[in-house]
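Here's target13.cif, which has mmCIF, C-alpha atoms and all ligand atoms:
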data_run
loop_
_atom_site.label_atom_id
_atom_site.label_comp_id
_atom_site.auth_asym_id
_atom_site.auth_seq_id
_atom_site.Cartn_x
_atom_site.Cartn_y
_atom_site.Cartn_z
CA MET X 1 -12.42 -1.30 21.81
CA ALA X 2 -14.67 -3.92 20.26
CA ALA X 3 -14.78 -3.54 16.53
CA ALA X 4 -18.05 -4.30 14.84
CA PRO X 5 -17.87 -6.54 11.77
CA ARG X 6 -19.53 -4.77 8.90
CA ASP X 7 -19.97 -5.02 5.20
CA ALA X 8 -16.63 -5.32 3.44
CA PRO X 9 -15.57 -1.92 2.12
CA LYS X 10 -15.27 -1.44 -1.58
CA PRO X 11 -12.06 -0.04 -2.92
CA PRO X 12 -9.92 -3.09 -3.71
CA THR X 13 -9.45 -3.26 -7.42
CA LYS X 14 -8.35 -6.83 -7.08
CA LYS X 15 -7.94 -9.24 -4.22
CA PRO X 16 -4.47 -8.69 -2.81
CA TYR X 17 -2.26 -11.68 -3.23
CA ARG X 18 -2.10 -14.04 -0.30
CA GLY X 19 0.96 -16.17 -0.52
CA ARG X 20 1.70 -19.65 0.61
CA ARG X 21 4.74 -21.01 2.26
CA GLY X 22 7.16 -23.43 0.77
CA GLY X 23 9.03 -23.79 -2.49
CA ASP X 24 7.45 -24.56 -5.82
CA ALA X 25 8.52 -26.38 -8.91
CA MET X 26 11.37 -23.94 -9.49
CA GLY X 27 12.52 -24.17 -5.93
CA VAL X 28 11.87 -20.53 -5.11
CA ALA X 29 11.20 -20.10 -1.44
CA TRP X 30 8.51 -17.85 -0.10
CA SER X 31 10.39 -15.67 2.29
CA SER X 32 8.95 -12.21 2.05
CA ARG X 33 8.67 -10.12 5.19
CA ALA X 34 5.32 -8.89 4.02
CA ALA X 35 4.21 -12.42 3.32
CA ALA X 36 5.06 -13.34 6.88
CA LYS X 37 3.10 -10.36 8.10
CA ARG X 38 0.17 -11.53 10.14
CA ASP X 39 -1.27 -8.18 11.11
CA VAL X 40 -1.00 -4.50 10.35
CA ARG X 41 -0.86 -1.77 12.98
CA VAL X 42 -1.90 1.72 11.95
CA ALA X 43 -1.32 4.77 14.17
CA VAL X 44 -3.57 7.80 13.65
CA ILE X 45 -1.80 11.03 14.53
CA GLY X 46 -2.28 14.75 13.93
CA ASP X 47 -3.15 18.11 15.44
CA GLN X 48 -5.72 18.59 18.13
CA GLY X 49 -9.32 18.43 16.99
CA THR X 50 -8.53 17.34 13.44
CA GLY X 51 -10.82 14.32 13.76
CA LYS X 52 -8.52 11.45 14.75
CA SER X 53 -10.74 9.87 17.37
CA SER X 54 -13.89 10.33 15.29
CA LEU X 55 -12.17 8.60 12.38
CA VAL X 56 -11.05 5.69 14.55
CA ALA X 57 -14.46 5.37 16.22
CA THR X 58 -16.32 5.47 12.92
CA ILE X 59 -14.10 2.80 11.41
CA ALA X 60 -14.28 0.62 14.52
CA THR X 61 -17.98 0.89 15.28
CA GLY X 62 -19.49 1.95 11.98
CA ARG X 63 -21.06 4.97 13.71
CA PHE X 64 -19.99 8.58 14.01
CA PRO X 65 -19.77 9.56 17.69
CA ALA X 66 -22.08 12.56 17.79
CA ASP X 67 -21.26 15.39 20.23
CA GLN X 68 -24.76 15.26 21.71
CA ASP X 69 -24.13 11.61 22.71
CA GLY X 70 -21.14 12.74 24.73
CA GLY X 71 -18.84 12.86 21.69
CA VAL X 72 -15.76 10.77 21.53
CA ALA X 73 -13.15 10.16 24.19
CA HIS X 74 -10.01 12.22 23.80
CA VAL X 75 -7.97 9.11 23.04
CA LEU X 76 -9.65 5.81 22.22
CA PRO X 77 -8.19 2.41 23.02
CA PRO X 78 -6.73 0.52 20.04
CA ALA X 79 -9.36 -1.18 17.88
CA ARG X 80 -8.64 -4.52 16.26
CA LEU X 81 -10.79 -4.90 13.21
CA PRO X 82 -12.33 -8.21 12.14
CA VAL X 83 -10.05 -10.27 9.94
CA ASP X 84 -12.52 -10.06 7.06
CA TYR X 85 -12.73 -6.28 7.17
CA PHE X 86 -10.65 -6.17 3.99
CA PRO X 87 -10.25 -8.90 1.38
CA ALA X 88 -6.56 -9.37 2.23
CA ARG X 89 -7.76 -10.99 5.47
CA VAL X 90 -4.87 -9.50 7.36
CA PRO X 91 -6.12 -8.17 10.72
CA VAL X 92 -5.68 -4.44 11.16
CA THR X 93 -5.32 -2.67 14.49
CA ILE X 94 -6.02 1.04 14.42
CA VAL X 95 -4.51 3.12 17.19
CA ASP X 96 -5.73 6.56 18.25
CA THR X 97 -3.21 8.99 19.76
CA SER X 98 -3.16 12.20 21.72
CA SER X 99 -1.81 15.42 20.29
CA SER X 100 -1.09 16.95 23.68
CA PRO X 101 2.52 17.33 24.86
CA ASP X 102 1.76 14.95 27.78
CA GLY X 103 1.08 12.18 25.32
CA ASN X 104 4.24 12.73 23.28
CA LYS X 105 6.12 9.71 24.63
CA VAL X 106 3.23 7.39 23.87
CA LEU X 107 2.80 9.00 20.47
CA ILE X 108 6.45 8.36 19.63
CA ALA X 109 6.20 4.75 20.79
CA GLU X 110 3.04 4.21 18.75
CA CYS X 111 4.65 5.64 15.63
CA GLN X 112 7.67 3.45 16.09
CA THR X 113 5.64 0.27 16.40
CA ALA X 114 3.23 1.16 13.60
CA ASP X 115 3.43 -0.40 10.15
CA ALA X 116 1.73 2.67 8.69
CA VAL X 117 0.75 6.11 9.94
CA VAL X 118 -2.45 8.01 9.12
CA LEU X 119 -1.65 11.69 9.51
CA THR X 120 -4.72 13.90 9.86
CA TYR X 121 -5.47 17.53 9.15
CA ALA X 122 -8.84 19.26 9.13
CA CYS X 123 -10.06 20.35 5.70
CA ASP X 124 -11.80 23.35 7.24
CA ARG X 125 -8.65 24.54 9.04
CA PRO X 126 -5.84 25.22 6.54
CA SER X 127 -3.44 25.91 9.41
CA THR X 128 -3.54 22.21 10.26
CA LEU X 129 -2.33 21.36 6.75
CA GLU X 130 0.49 23.89 7.15
CA ARG X 131 1.50 22.07 10.31
CA ILE X 132 1.75 18.84 8.33
CA THR X 133 4.73 20.28 6.44
CA THR X 134 6.25 22.35 9.21
CA PHE X 135 5.82 20.00 12.12
CA TRP X 136 4.37 16.54 11.58
CA LEU X 137 6.21 15.24 8.54
CA PRO X 138 9.61 16.50 9.72
CA LYS X 139 8.91 14.93 13.12
CA LEU X 140 7.99 11.62 11.51
CA ARG X 141 11.13 11.71 9.38
CA ARG X 142 13.25 12.12 12.47
CA LEU X 143 11.45 9.27 14.18
CA LEU X 144 11.04 6.83 11.32
CA GLN X 145 13.61 7.86 8.69
CA SER X 146 10.88 7.68 6.01
CA LYS X 147 10.66 3.93 6.45
CA VAL X 148 7.00 3.82 7.40
CA PRO X 149 4.34 4.72 4.84
CA VAL X 150 2.20 7.73 5.65
CA ILE X 151 -1.39 8.24 4.53
CA LEU X 152 -2.40 11.87 4.66
CA ALA X 153 -6.06 12.20 5.62
CA GLY X 154 -7.93 15.49 5.26
CA CYS X 155 -10.78 15.01 7.73
CA LYS X 156 -14.13 16.83 7.89
CA VAL X 157 -14.27 17.36 4.14
CA ASP X 158 -17.99 18.03 4.62
CA LEU X 159 -17.03 21.34 6.27
CA SER X 160 -14.63 22.58 3.60
CA ASP X 161 -15.69 25.11 1.01
CA LYS X 162 -14.60 24.89 -2.61
CA GLN X 163 -12.48 28.05 -2.58
CA GLN X 164 -10.60 26.92 0.47
CA GLN X 165 -10.00 23.54 -1.15
CA ALA X 166 -8.47 25.09 -4.25
CA GLY X 167 -5.96 26.92 -2.07
CA LEU X 168 -4.87 23.68 -0.44
CA GLU X 169 -4.03 21.90 -3.71
CA ASN X 170 -0.62 23.56 -4.03
CA VAL X 171 0.35 22.58 -0.51
CA LEU X 172 -0.74 19.00 -1.15
CA ASP X 173 1.26 18.85 -4.39
CA PHE X 174 4.29 20.18 -2.53
CA ILE X 175 3.88 17.52 0.15
CA MET X 176 3.59 14.69 -2.38
CA CYS X 177 6.76 15.85 -4.16
CA THR X 178 8.79 16.56 -1.06
CA PHE X 179 7.88 13.77 1.31
CA ARG X 180 8.08 10.50 -0.55
CA GLU X 181 6.98 8.56 2.50
CA VAL X 182 3.50 10.01 1.90
CA GLU X 183 1.87 7.32 -0.19
CA ILE X 184 -1.37 9.11 -0.90
CA TYR X 185 -3.66 11.81 0.36
CA LEU X 186 -7.38 11.43 0.77
CA GLU X 187 -10.13 13.70 1.98
CA CYS X 188 -12.71 12.05 4.14
CA SER X 189 -15.62 12.72 6.43
CA ALA X 190 -16.28 10.52 9.42
CA LEU X 191 -19.61 12.30 9.84
CA HIS X 192 -20.83 11.37 6.37
CA ARG X 193 -18.76 8.20 6.03
CA ILE X 194 -16.97 9.52 2.99
CA LYS X 195 -13.74 7.63 2.18
CA VAL X 196 -13.31 6.55 5.78
CA ASP X 197 -12.64 2.91 4.97
CA GLU X 198 -10.48 3.95 2.04
CA VAL X 199 -8.11 5.72 4.43
CA LEU X 200 -7.53 2.51 6.32
CA TYR X 201 -7.52 0.40 3.19
CA CYS X 202 -4.77 2.55 1.69
CA ALA X 203 -2.77 2.21 4.90
CA GLN X 204 -3.07 -1.56 4.77
CA MET X 205 -2.17 -1.69 1.09
CA ALA X 206 0.82 0.57 1.66
CA VAL X 207 2.11 -2.02 4.13
CA LEU X 208 1.29 -5.14 2.13
CA HIS X 209 2.10 -3.73 -1.29
CA PRO X 210 4.38 -0.71 -0.86
CA THR X 211 5.15 1.55 -3.81
CA THR X 212 8.42 2.95 -2.54
CA PRO X 213 10.66 -0.06 -3.29
CA LEU X 214 9.20 -0.28 -6.79
CA PHE X 215 8.88 3.23 -8.07
CA ASP X 216 10.59 6.58 -7.65
CA LYS X 217 7.74 9.07 -7.52
CA ALA X 218 10.03 12.07 -8.10
CA THR X 219 11.59 10.75 -11.30
CA ARG X 220 8.55 8.65 -12.17
CA SER X 221 10.72 5.66 -12.93
CA ILE X 222 11.18 2.10 -11.78
CA LYS X 223 13.84 1.77 -9.10
CA PRO X 224 17.05 -0.01 -10.06
CA ARG X 225 16.56 -2.92 -7.67
CA CYS X 226 13.06 -3.50 -8.98
CA MET X 227 14.40 -3.37 -12.52
CA MET X 228 17.01 -5.99 -11.65
CA ALA X 229 14.36 -8.24 -10.14
CA PHE X 230 12.29 -8.03 -13.30
CA GLN X 231 15.35 -8.63 -15.42
CA ARG X 232 15.98 -11.85 -13.56
CA ILE X 233 12.34 -12.93 -13.78
CA PHE X 234 12.23 -12.13 -17.49
CA SER X 235 15.40 -14.12 -18.16
CA LEU X 236 13.83 -17.16 -16.50
CA TYR X 237 11.18 -17.18 -19.24
CA ASP X 238 13.32 -16.03 -22.13
CA HIS X 239 14.58 -19.58 -22.62
CA ASP X 240 16.39 -19.03 -25.90
CA LYS X 241 17.91 -15.79 -24.53
CA ASP X 242 16.95 -13.72 -27.54
CA GLY X 243 15.79 -10.81 -25.37
CA ALA X 244 12.10 -11.50 -26.00
CA VAL X 245 9.45 -13.88 -24.78
CA SER X 246 7.28 -15.93 -27.09
CA ASP X 247 3.53 -16.15 -26.55
CA ALA X 248 3.98 -19.56 -24.94
CA GLU X 249 6.68 -18.21 -22.60
CA MET X 250 4.45 -15.27 -21.68
CA ASN X 251 1.62 -17.63 -20.88
CA ALA X 252 3.90 -19.82 -18.78
CA PHE X 253 4.79 -16.70 -16.78
CA LEU X 254 1.12 -15.74 -16.34
CA VAL X 255 0.11 -19.22 -15.28
CA ARG X 256 2.84 -19.29 -12.71
CA CYS X 257 1.98 -15.89 -11.25
CA PHE X 258 -1.77 -15.64 -11.69
CA LYS X 259 -2.88 -19.12 -12.67
CA VAL X 260 -4.34 -17.77 -15.90
CA SER X 261 -3.30 -17.97 -19.52
CA LEU X 262 -4.35 -15.67 -22.32
CA GLN X 263 -6.01 -16.60 -25.60
CA PRO X 264 -4.05 -15.70 -28.76
CA ALA X 265 -6.37 -12.71 -29.38
CA GLU X 266 -5.80 -11.42 -25.84
CA ILE X 267 -2.03 -11.69 -26.22
CA ALA X 268 -2.30 -9.84 -29.53
CA ASP X 269 -4.26 -7.06 -27.77
CA MET X 270 -1.65 -6.84 -25.05
CA LYS X 271 1.14 -6.55 -27.62
CA ARG X 272 -0.77 -3.86 -29.48
CA VAL X 273 -0.99 -1.76 -26.30
CA VAL X 274 2.70 -2.27 -25.56
CA GLN X 275 3.65 -1.40 -29.13
CA GLN X 276 1.55 1.76 -29.09
CA HIS X 277 3.05 3.10 -25.88
CA MET X 278 6.58 1.75 -25.68
CA ILE X 279 9.11 2.02 -28.46
CA GLY X 280 10.98 -1.29 -28.62
CA GLY X 281 8.42 -3.00 -26.40
CA VAL X 282 7.67 -5.50 -29.15
CA ASN X 283 10.43 -6.70 -31.49
CA ASP X 284 10.41 -7.20 -35.26
CA ASN X 285 9.23 -10.77 -34.78
CA GLY X 286 6.22 -9.54 -32.83
CA LEU X 287 7.50 -10.77 -29.46
CA ILE X 288 7.46 -8.86 -26.17
CA THR X 289 10.91 -7.60 -25.20
CA PHE X 290 12.21 -6.91 -21.72
CA ILE X 291 11.28 -3.23 -22.12
CA GLY X 292 7.75 -4.25 -23.06
CA PHE X 293 7.56 -6.62 -20.12
CA LEU X 294 8.72 -3.86 -17.79
CA TYR X 295 6.25 -1.42 -19.33
CA LEU X 296 3.37 -3.69 -18.38
CA HIS X 297 4.45 -3.52 -14.75
CA VAL X 298 4.92 0.25 -14.85
CA VAL X 299 1.31 0.48 -16.02
CA PHE X 300 0.15 -1.55 -13.05
CA ILE X 301 2.06 0.67 -10.64
CA ALA X 302 0.88 3.88 -12.32
CA LYS X 303 -2.71 2.67 -12.00
CA GLY X 304 -2.25 1.98 -8.31
CA ARG X 305 -2.29 -1.78 -8.89
CA GLU X 306 0.92 -2.45 -7.00
CA GLU X 307 -0.49 -5.67 -5.65
CA THR X 308 -0.23 -7.15 -9.14
CA THR X 309 3.44 -6.26 -9.35
CA TRP X 310 4.05 -7.58 -5.86
CA THR X 311 2.26 -10.81 -6.73
CA VAL X 312 4.88 -11.38 -9.40
CA LEU X 313 7.82 -10.34 -7.23
CA ARG X 314 6.73 -12.47 -4.31
CA LYS X 315 6.12 -15.46 -6.53
CA PHE X 316 9.80 -15.25 -7.33
CA GLY X 317 10.90 -14.91 -3.72
CA TYR X 318 11.44 -11.17 -3.31
CA ASP X 319 10.81 -9.47 0.02
CA ASN X 320 9.74 -5.87 0.69
CA GLU X 321 13.28 -4.59 0.20
CA LEU X 322 13.41 -6.53 -3.05
CA VAL X 323 16.01 -8.81 -1.67
CA HIS X 324 15.72 -12.21 -3.18
CA GLY X 325 14.97 -14.74 -0.47
CA PHE X 326 17.10 -17.89 -0.28
CA SER X 327 16.05 -19.96 -3.08
CA TRP X 328 17.64 -22.51 -5.24
CA TRP X 329 17.54 -25.76 -3.39
CA PRO X 330 20.03 -28.05 -5.08
CA ARG X 331 18.41 -31.28 -6.07
CA ALA X 332 21.27 -33.32 -4.66
CA LEU X 333 20.83 -31.73 -1.26
CA ALA X 334 17.10 -32.26 -1.41
CA LEU X 335 17.72 -35.94 -1.96
CA GLN X 336 20.15 -36.09 0.95
CA ARG X 337 17.47 -34.70 3.23
CA ARG X 338 15.15 -37.62 2.67
CA PRO X 339 14.82 -39.80 5.77
CA ILE X 340 16.84 -42.99 5.49
CA SER X 341 14.56 -45.97 5.68
N1 LIG X 401 -18.45 17.99 10.49
C1 LIG X 401 -17.59 17.07 10.93
N2 LIG X 401 -17.13 17.10 12.17
C2 LIG X 401 -16.23 16.17 12.56
C3 LIG X 401 -15.81 15.13 11.69
N3 LIG X 401 -14.93 14.38 12.36
C4 LIG X 401 -14.82 14.91 13.58
N4 LIG X 401 -15.61 15.98 13.72
C5 LIG X 401 -15.79 16.82 14.91
O1 LIG X 401 -14.55 17.48 15.16
C6 LIG X 401 -14.32 17.59 16.56
C7 LIG X 401 -12.96 16.98 16.92
O2 LIG X 401 -13.02 15.61 16.58
P1 LIG X 401 -12.13 14.52 17.34
O3 LIG X 401 -12.37 13.23 16.68
O4 LIG X 401 -12.34 14.58 18.81
O5 LIG X 401 -10.68 15.07 17.00
P2 LIG X 401 -9.28 14.58 17.59
O6 LIG X 401 -8.27 14.80 16.56
O7 LIG X 401 -9.40 13.21 18.14
O8 LIG X 401 -9.10 15.62 18.76
P3 LIG X 401 -8.05 15.48 20.02
O9 LIG X 401 -8.15 14.11 20.54
O10 LIG X 401 -8.56 16.49 20.97
O11 LIG X 401 -6.72 15.83 19.49
C8 LIG X 401 -15.51 16.88 17.23
O12 LIG X 401 -16.46 17.86 17.58
C9 LIG X 401 -16.07 16.00 16.14
O13 LIG X 401 -17.46 15.77 16.29
C10 LIG X 401 -16.34 15.11 10.36
O14 LIG X 401 -16.03 14.28 9.53
N5 LIG X 401 -17.21 16.11 10.03
MG MG X 402 -8.96 12.42 20.00
#

So that I can check it, write out the structure of this file as structure tokens.
Ligand SMILES: Nc1nc2c(ncn2[C@@H]2O[C@H](COP(=O)(O)OP(=O)(O)OP(=O)(O)O)[C@@H](O)[C@H]2O)c(=O)[nH]1
Ligand SMILES: [Mg+2]
Amino acid sequence: MAAAPRDAPKPPTKKPYRGRRGGDAMGVAWSSRAAAKRDVRVAVIGDQGTGKSSLVATIATGRFPADQDGGVAHVLPPARLPVDYFPARVPVTIVDTSSSPDGNKVLIAECQTADAVVLTYACDRPSTLERITTFWLPKLRRLLQSKVPVILAGCKVDLSDKQQQAGLENVLDFIMCTFREVEIYLECSALHRIKVDEVLYCAQMAVLHPTTPLFDKATRSIKPRCMMAFQRIFSLYDHDKDGAVSDAEMNAFLVRCFKVSLQPAEIADMKRVVQQHMIGGVNDNGLITFIGFLYLHVVFIAKGREETTWTVLRKFGYDNELVHGFSWWPRALALQRRPIS
């Protein structure tokens, strides 16, 4: 299906980080799997009539396929969206699927090749939300072992009534607590173009900047591997190894990751926030400690700004599993590699 280029959708809080290849002054190689990712494939699955094809068509063409115009085909061909659809400039392919038993093999294959799954239910049919917990999420777990992020999309929100919605909240809370592969749930309407692009945007962000390796949603805490990564990064800037970074060291870190440095007043503001919210985040000498440094990243994650945290991690060579890519290129070896003239 030909996808029509349209105005860029809004939600990005910040341009996702787009990395570059090659080492830098510290010799850290860029070797992230996500960094190497050149496109994102999103499969849209769910019960019959929940609005899958209408969602795909509306995203791809910018128009809702009205029933009087012949409606929408049962299953649409995959739509590759223009590269500039989202600011990350990573092309997204959105794949419609069939919910009929005949299409099960194809559905399984599509799920297994997808980088993210959009799982639909209809806001005006609570039974389809029930089926998310009893059928779809268990099926996806069996197929994907929770390794692929899932965006739960409540379609046709224009048809839902307030009372019905209130009843669904508990089920949604249960889903978010029980199925950690579900990154987020959104209610949308293809008919009224409500949060349609956001559904896809969240799917793309879940692939490029996943939360799961960083944060345990159940315990609301940073995962150990992420903590270790930040410990290592912090120690690179804590030159005198006193467990805290000076303002100059903090700025060196910011310049390296974001190419910005803060004015003394801005650093003072940042410390004030850390001090107010994190005991031990700032030491007696007024310097940010490791706990304070970590707190700043927890705030980013809690605010849904994972891309900021990933910008840091990828700058220091971490991949999506938070494995540190090969890295320290010994100077002697680098010299040996020079061509002999
Ligand atoms: N009011 C309203 N109707 C919608 C919306 N999205 C889809 N529909 C209607 O819901 C019906 C089913 O939509 P489809 O997009 O065909 O659903 P599907 O999940 O692809 O259905 P199958 O392919 O048969 O499984 C159609 O009549 C659509 O016009 C929406 O946002 N609001
Ligand atoms: Mg369909």

Contact check, chain X to ligand LIG 401 (chain X), at most 6 Å, counting all atoms listed in the file, closest pairs as CSV:
residue,atom,partner,partner_atom,distance
X:Asp47,CA,X:LIG401,O11,5.9
X:Gln48,CA,X:LIG401,O11,3.2
X:Gly49,CA,X:LIG401,O8,3.3
X:Thr50,CA,X:LIG401,O6,4.0
X:Gly51,CA,X:LIG401,O5,3.3
X:Lys52,CA,X:LIG401,O6,3.8
X:Ser53,CA,X:LIG401,O7,3.7
X:Ser54,CA,X:LIG401,O3,3.6
X:Ala66,CA,X:LIG401,O13,5.8
X:Asp67,CA,X:LIG401,O13,5.5
X:Val72,CA,X:LIG401,O4,5.8
X:His74,CA,X:LIG401,O9,4.2
X:Val75,CA,X:LIG401,O9,5.6
X:Ser98,CA,X:LIG401,O9,5.5
X:Ser99,CA,X:LIG401,O11,5.0
X:Cys155,CA,X:LIG401,O14,5.6
X:Lys156,CA,X:LIG401,O14,3.6
X:Asp158,CA,X:LIG401,N5,5.8
X:Leu159,CA,X:LIG401,N1,5.6
X:Ser189,CA,X:LIG401,O14,3.5
X:Ala190,CA,X:LIG401,O14,3.8
X:Leu191,CA,X:LIG401,O14,4.1

#### Entry: Polymer residues at most 12 Å from (-0.1, 21.3, 7.2) by all atoms listed in the file, as a VMD selection string
chain X and resid 46 to 47 50 119 to 138 152 to 154 168 to 175

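When all atoms listed in the file are used to measure the gap to X:Ala302, the shortest distance among X:Ile288, X:Ile222, X:Leu81, X:Val90 belongs to X:Ile222.
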
Env of X:Leu107: 10 Å cut, atoms = all atoms listed in the file, seq-sep filter 2 positions within chain, self excluded. Answer as a PDB file with C-alpha atoms, in the frame of the given file.
ATOM      1  CA  ALA X  43      -1.320   4.770  14.170  1.00  0.00           C
ATOM      2  CA  VAL X  44      -3.570   7.800  13.650  1.00  0.00           C
ATOM      3  CA  ILE X  45      -1.800  11.030  14.530  1.00  0.00           C
ATOM      4  CA  VAL X  95      -4.510   3.120  17.190  1.00  0.00           C
ATOM      5  CA  ASP X  96      -5.730   6.560  18.250  1.00  0.00           C
ATOM      6  CA  THR X  97      -3.210   8.990  19.760  1.00  0.00           C
ATOM      7  CA  SER X  98      -3.160  12.200  21.720  1.00  0.00           C
ATOM      8  CA  SER X  99      -1.810  15.420  20.290  1.00  0.00           C
ATOM      9  CA  SER X 100      -1.090  16.950  23.680  1.00  0.00           C
ATOM     10  CA  PRO X 101       2.520  17.330  24.860  1.00  0.00           C
ATOM     11  CA  ASP X 102       1.760  14.950  27.780  1.00  0.00           C
ATOM     12  CA  GLY X 103       1.080  12.180  25.320  1.00  0.00           C
ATOM     13  CA  ASN X 104       4.240  12.730  23.280  1.00  0.00           C
ATOM     14  CA  LYS X 105       6.120   9.710  24.630  1.00  0.00           C
ATOM     15  CA  ALA X 109       6.200   4.750  20.790  1.00  0.00           C
ATOM     16  CA  GLU X 110       3.040   4.210  18.750  1.00  0.00           C
ATOM     17  CA  CYS X 111       4.650   5.640  15.630  1.00  0.00           C
ATOM     18  CA  GLN X 112       7.670   3.450  16.090  1.00  0.00           C
TER      19      GLN X 112
END

### Message
Can you tell me which residues surround X:Asp115 at a distance of at most 8 Å, considering all atoms listed in the file, apart from same-chain residues fewer than 4 positions away, and format the answer as a PyMOL selection string?
### Response
chain X and resi 40-42+148-149+207

### Spatial neighbours of stretch 231-245 of chain X, 12 Å, all atoms listed in the file, chain gap at least 4 places, as a PyMOL selection string
chain X and resi 26+28+224-227+249-257+267+271+280-294+297+309+312-318+324

### Query
When distances are computed from all atoms listed in the file, which of X:Ala229, X:Ile94, X:Val106, X:Pro213 shows the smallest separation from X:Val199?
X:Ile94

### Task
Provide the atom CA of X:Lys303 to atom CA of X:Val118 distance in Å, to one decimal place.
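Spanning atom CA of X:Lys303 to atom CA of X:Val118 is a straight-line distance of 21.8 Å.
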
### Query
What does the distance between atom CA of X:Tyr295 and atom CA of X:Ala265 come to in Å, to one decimal place?
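One can read the atom CA of X:Tyr295 to atom CA of X:Ala265 distance as 19.7 Å.
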
### Task
Calculate how many Å separate atom CA of X:Lys259 from atom CA of X:Ser221, rounding to one decimal.
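Separation between atom CA of X:Lys259 and atom CA of X:Ser221: 28.3 Å.
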
### Query
So, counting all atoms listed in the file, which residue among X:Thr58, X:Ala79, X:Glu183, X:Ala114 is closest to X:His209?
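Among the listed residues, X:Glu183 lies closest to X:His209.
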
Just so I have it separately, write stretch 65-115 of chain X from the block I sent, keeping C-alpha atoms, as a PDB file, in the first residue's frame.
ATOM      1  CA  PRO X  65     -12.043   4.273   5.056  1.00  0.00           C
ATOM      2  CA  ALA X  66     -15.762   4.948   5.363  1.00  0.00           C
ATOM      3  CA  ASP X  67     -18.169   2.001   5.025  1.00  0.00           C
ATOM      4  CA  GLN X  68     -20.168   3.801   2.338  1.00  0.00           C
ATOM      5  CA  ASP X  69     -16.996   3.965   0.186  1.00  0.00           C
ATOM      6  CA  GLY X  70     -16.782   0.199   0.322  1.00  0.00           C
ATOM      7  CA  GLY X  71     -15.097   0.187   3.741  1.00  0.00           C
ATOM      8  CA  VAL X  72     -11.720  -1.330   4.214  1.00  0.00           C
ATOM      9  CA  ALA X  73     -10.381  -4.611   2.915  1.00  0.00           C
ATOM     10  CA  HIS X  74     -10.391  -7.423   5.443  1.00  0.00           C
ATOM     11  CA  VAL X  75      -6.594  -7.477   5.502  1.00  0.00           C
ATOM     12  CA  LEU X  76      -4.562  -4.660   3.992  1.00  0.00           C
ATOM     13  CA  PRO X  77      -1.135  -5.085   2.442  1.00  0.00           C
ATOM     14  CA  PRO X  78       1.782  -3.835   4.569  1.00  0.00           C
ATOM     15  CA  ALA X  79       2.254  -0.067   4.440  1.00  0.00           C
ATOM     16  CA  ARG X  80       5.724   1.432   4.538  1.00  0.00           C
ATOM     17  CA  LEU X  81       5.524   4.936   5.898  1.00  0.00           C
ATOM     18  CA  PRO X  82       7.685   7.788   4.635  1.00  0.00           C
ATOM     19  CA  VAL X  83      11.013   8.035   6.405  1.00  0.00           C
ATOM     20  CA  ASP X  84      10.123  11.476   7.765  1.00  0.00           C
ATOM     21  CA  TYR X  85       6.847  10.312   9.277  1.00  0.00           C
ATOM     22  CA  PHE X  86       8.461  10.556  12.712  1.00  0.00           C
ATOM     23  CA  PRO X  87      11.444  12.661  13.734  1.00  0.00           C
ATOM     24  CA  ALA X  88      13.590   9.570  14.372  1.00  0.00           C
ATOM     25  CA  ARG X  89      13.676   9.142  10.582  1.00  0.00           C
ATOM     26  CA  VAL X  90      13.564   5.392  10.948  1.00  0.00           C
ATOM     27  CA  PRO X  91      11.155   3.953   8.360  1.00  0.00           C
ATOM     28  CA  VAL X  92       8.191   2.143   9.847  1.00  0.00           C
ATOM     29  CA  THR X  93       6.261  -0.630   8.144  1.00  0.00           C
ATOM     30  CA  ILE X  94       2.823  -1.297   9.560  1.00  0.00           C
ATOM     31  CA  VAL X  95       1.325  -4.714   8.911  1.00  0.00           C
ATOM     32  CA  ASP X  96      -2.371  -5.542   9.099  1.00  0.00           C
ATOM     33  CA  THR X  97      -3.379  -9.101  10.023  1.00  0.00           C
ATOM     34  CA  SER X  98      -6.410 -11.336   9.918  1.00  0.00           C
ATOM     35  CA  SER X  99      -8.108 -12.590  13.050  1.00  0.00           C
ATOM     36  CA  SER X 100      -9.676 -15.585  11.335  1.00  0.00           C
ATOM     37  CA  PRO X 101      -8.346 -19.086  12.061  1.00  0.00           C
ATOM     38  CA  ASP X 102      -7.333 -19.412   8.378  1.00  0.00           C
ATOM     39  CA  GLY X 103      -4.898 -16.565   8.814  1.00  0.00           C
ATOM     40  CA  ASN X 104      -3.314 -17.935  11.984  1.00  0.00           C
ATOM     41  CA  LYS X 105      -0.087 -19.127  10.348  1.00  0.00           C
ATOM     42  CA  VAL X 106       0.490 -15.758   8.724  1.00  0.00           C
ATOM     43  CA  LEU X 107      -0.410 -14.012  11.957  1.00  0.00           C
ATOM     44  CA  ILE X 108       2.187 -16.039  13.852  1.00  0.00           C
ATOM     45  CA  ALA X 109       4.830 -15.325  11.223  1.00  0.00           C
ATOM     46  CA  GLU X 110       4.038 -11.613  11.293  1.00  0.00           C
ATOM     47  CA  CYS X 111       4.296 -11.492  15.067  1.00  0.00           C
ATOM     48  CA  GLN X 112       7.599 -13.293  14.981  1.00  0.00           C
ATOM     49  CA  THR X 113       9.121 -10.901  12.478  1.00  0.00           C
ATOM     50  CA  ALA X 114       7.677  -7.784  14.097  1.00  0.00           C
ATOM     51  CA  ASP X 115       9.759  -5.425  16.224  1.00  0.00           C
TER      52      ASP X 115
END
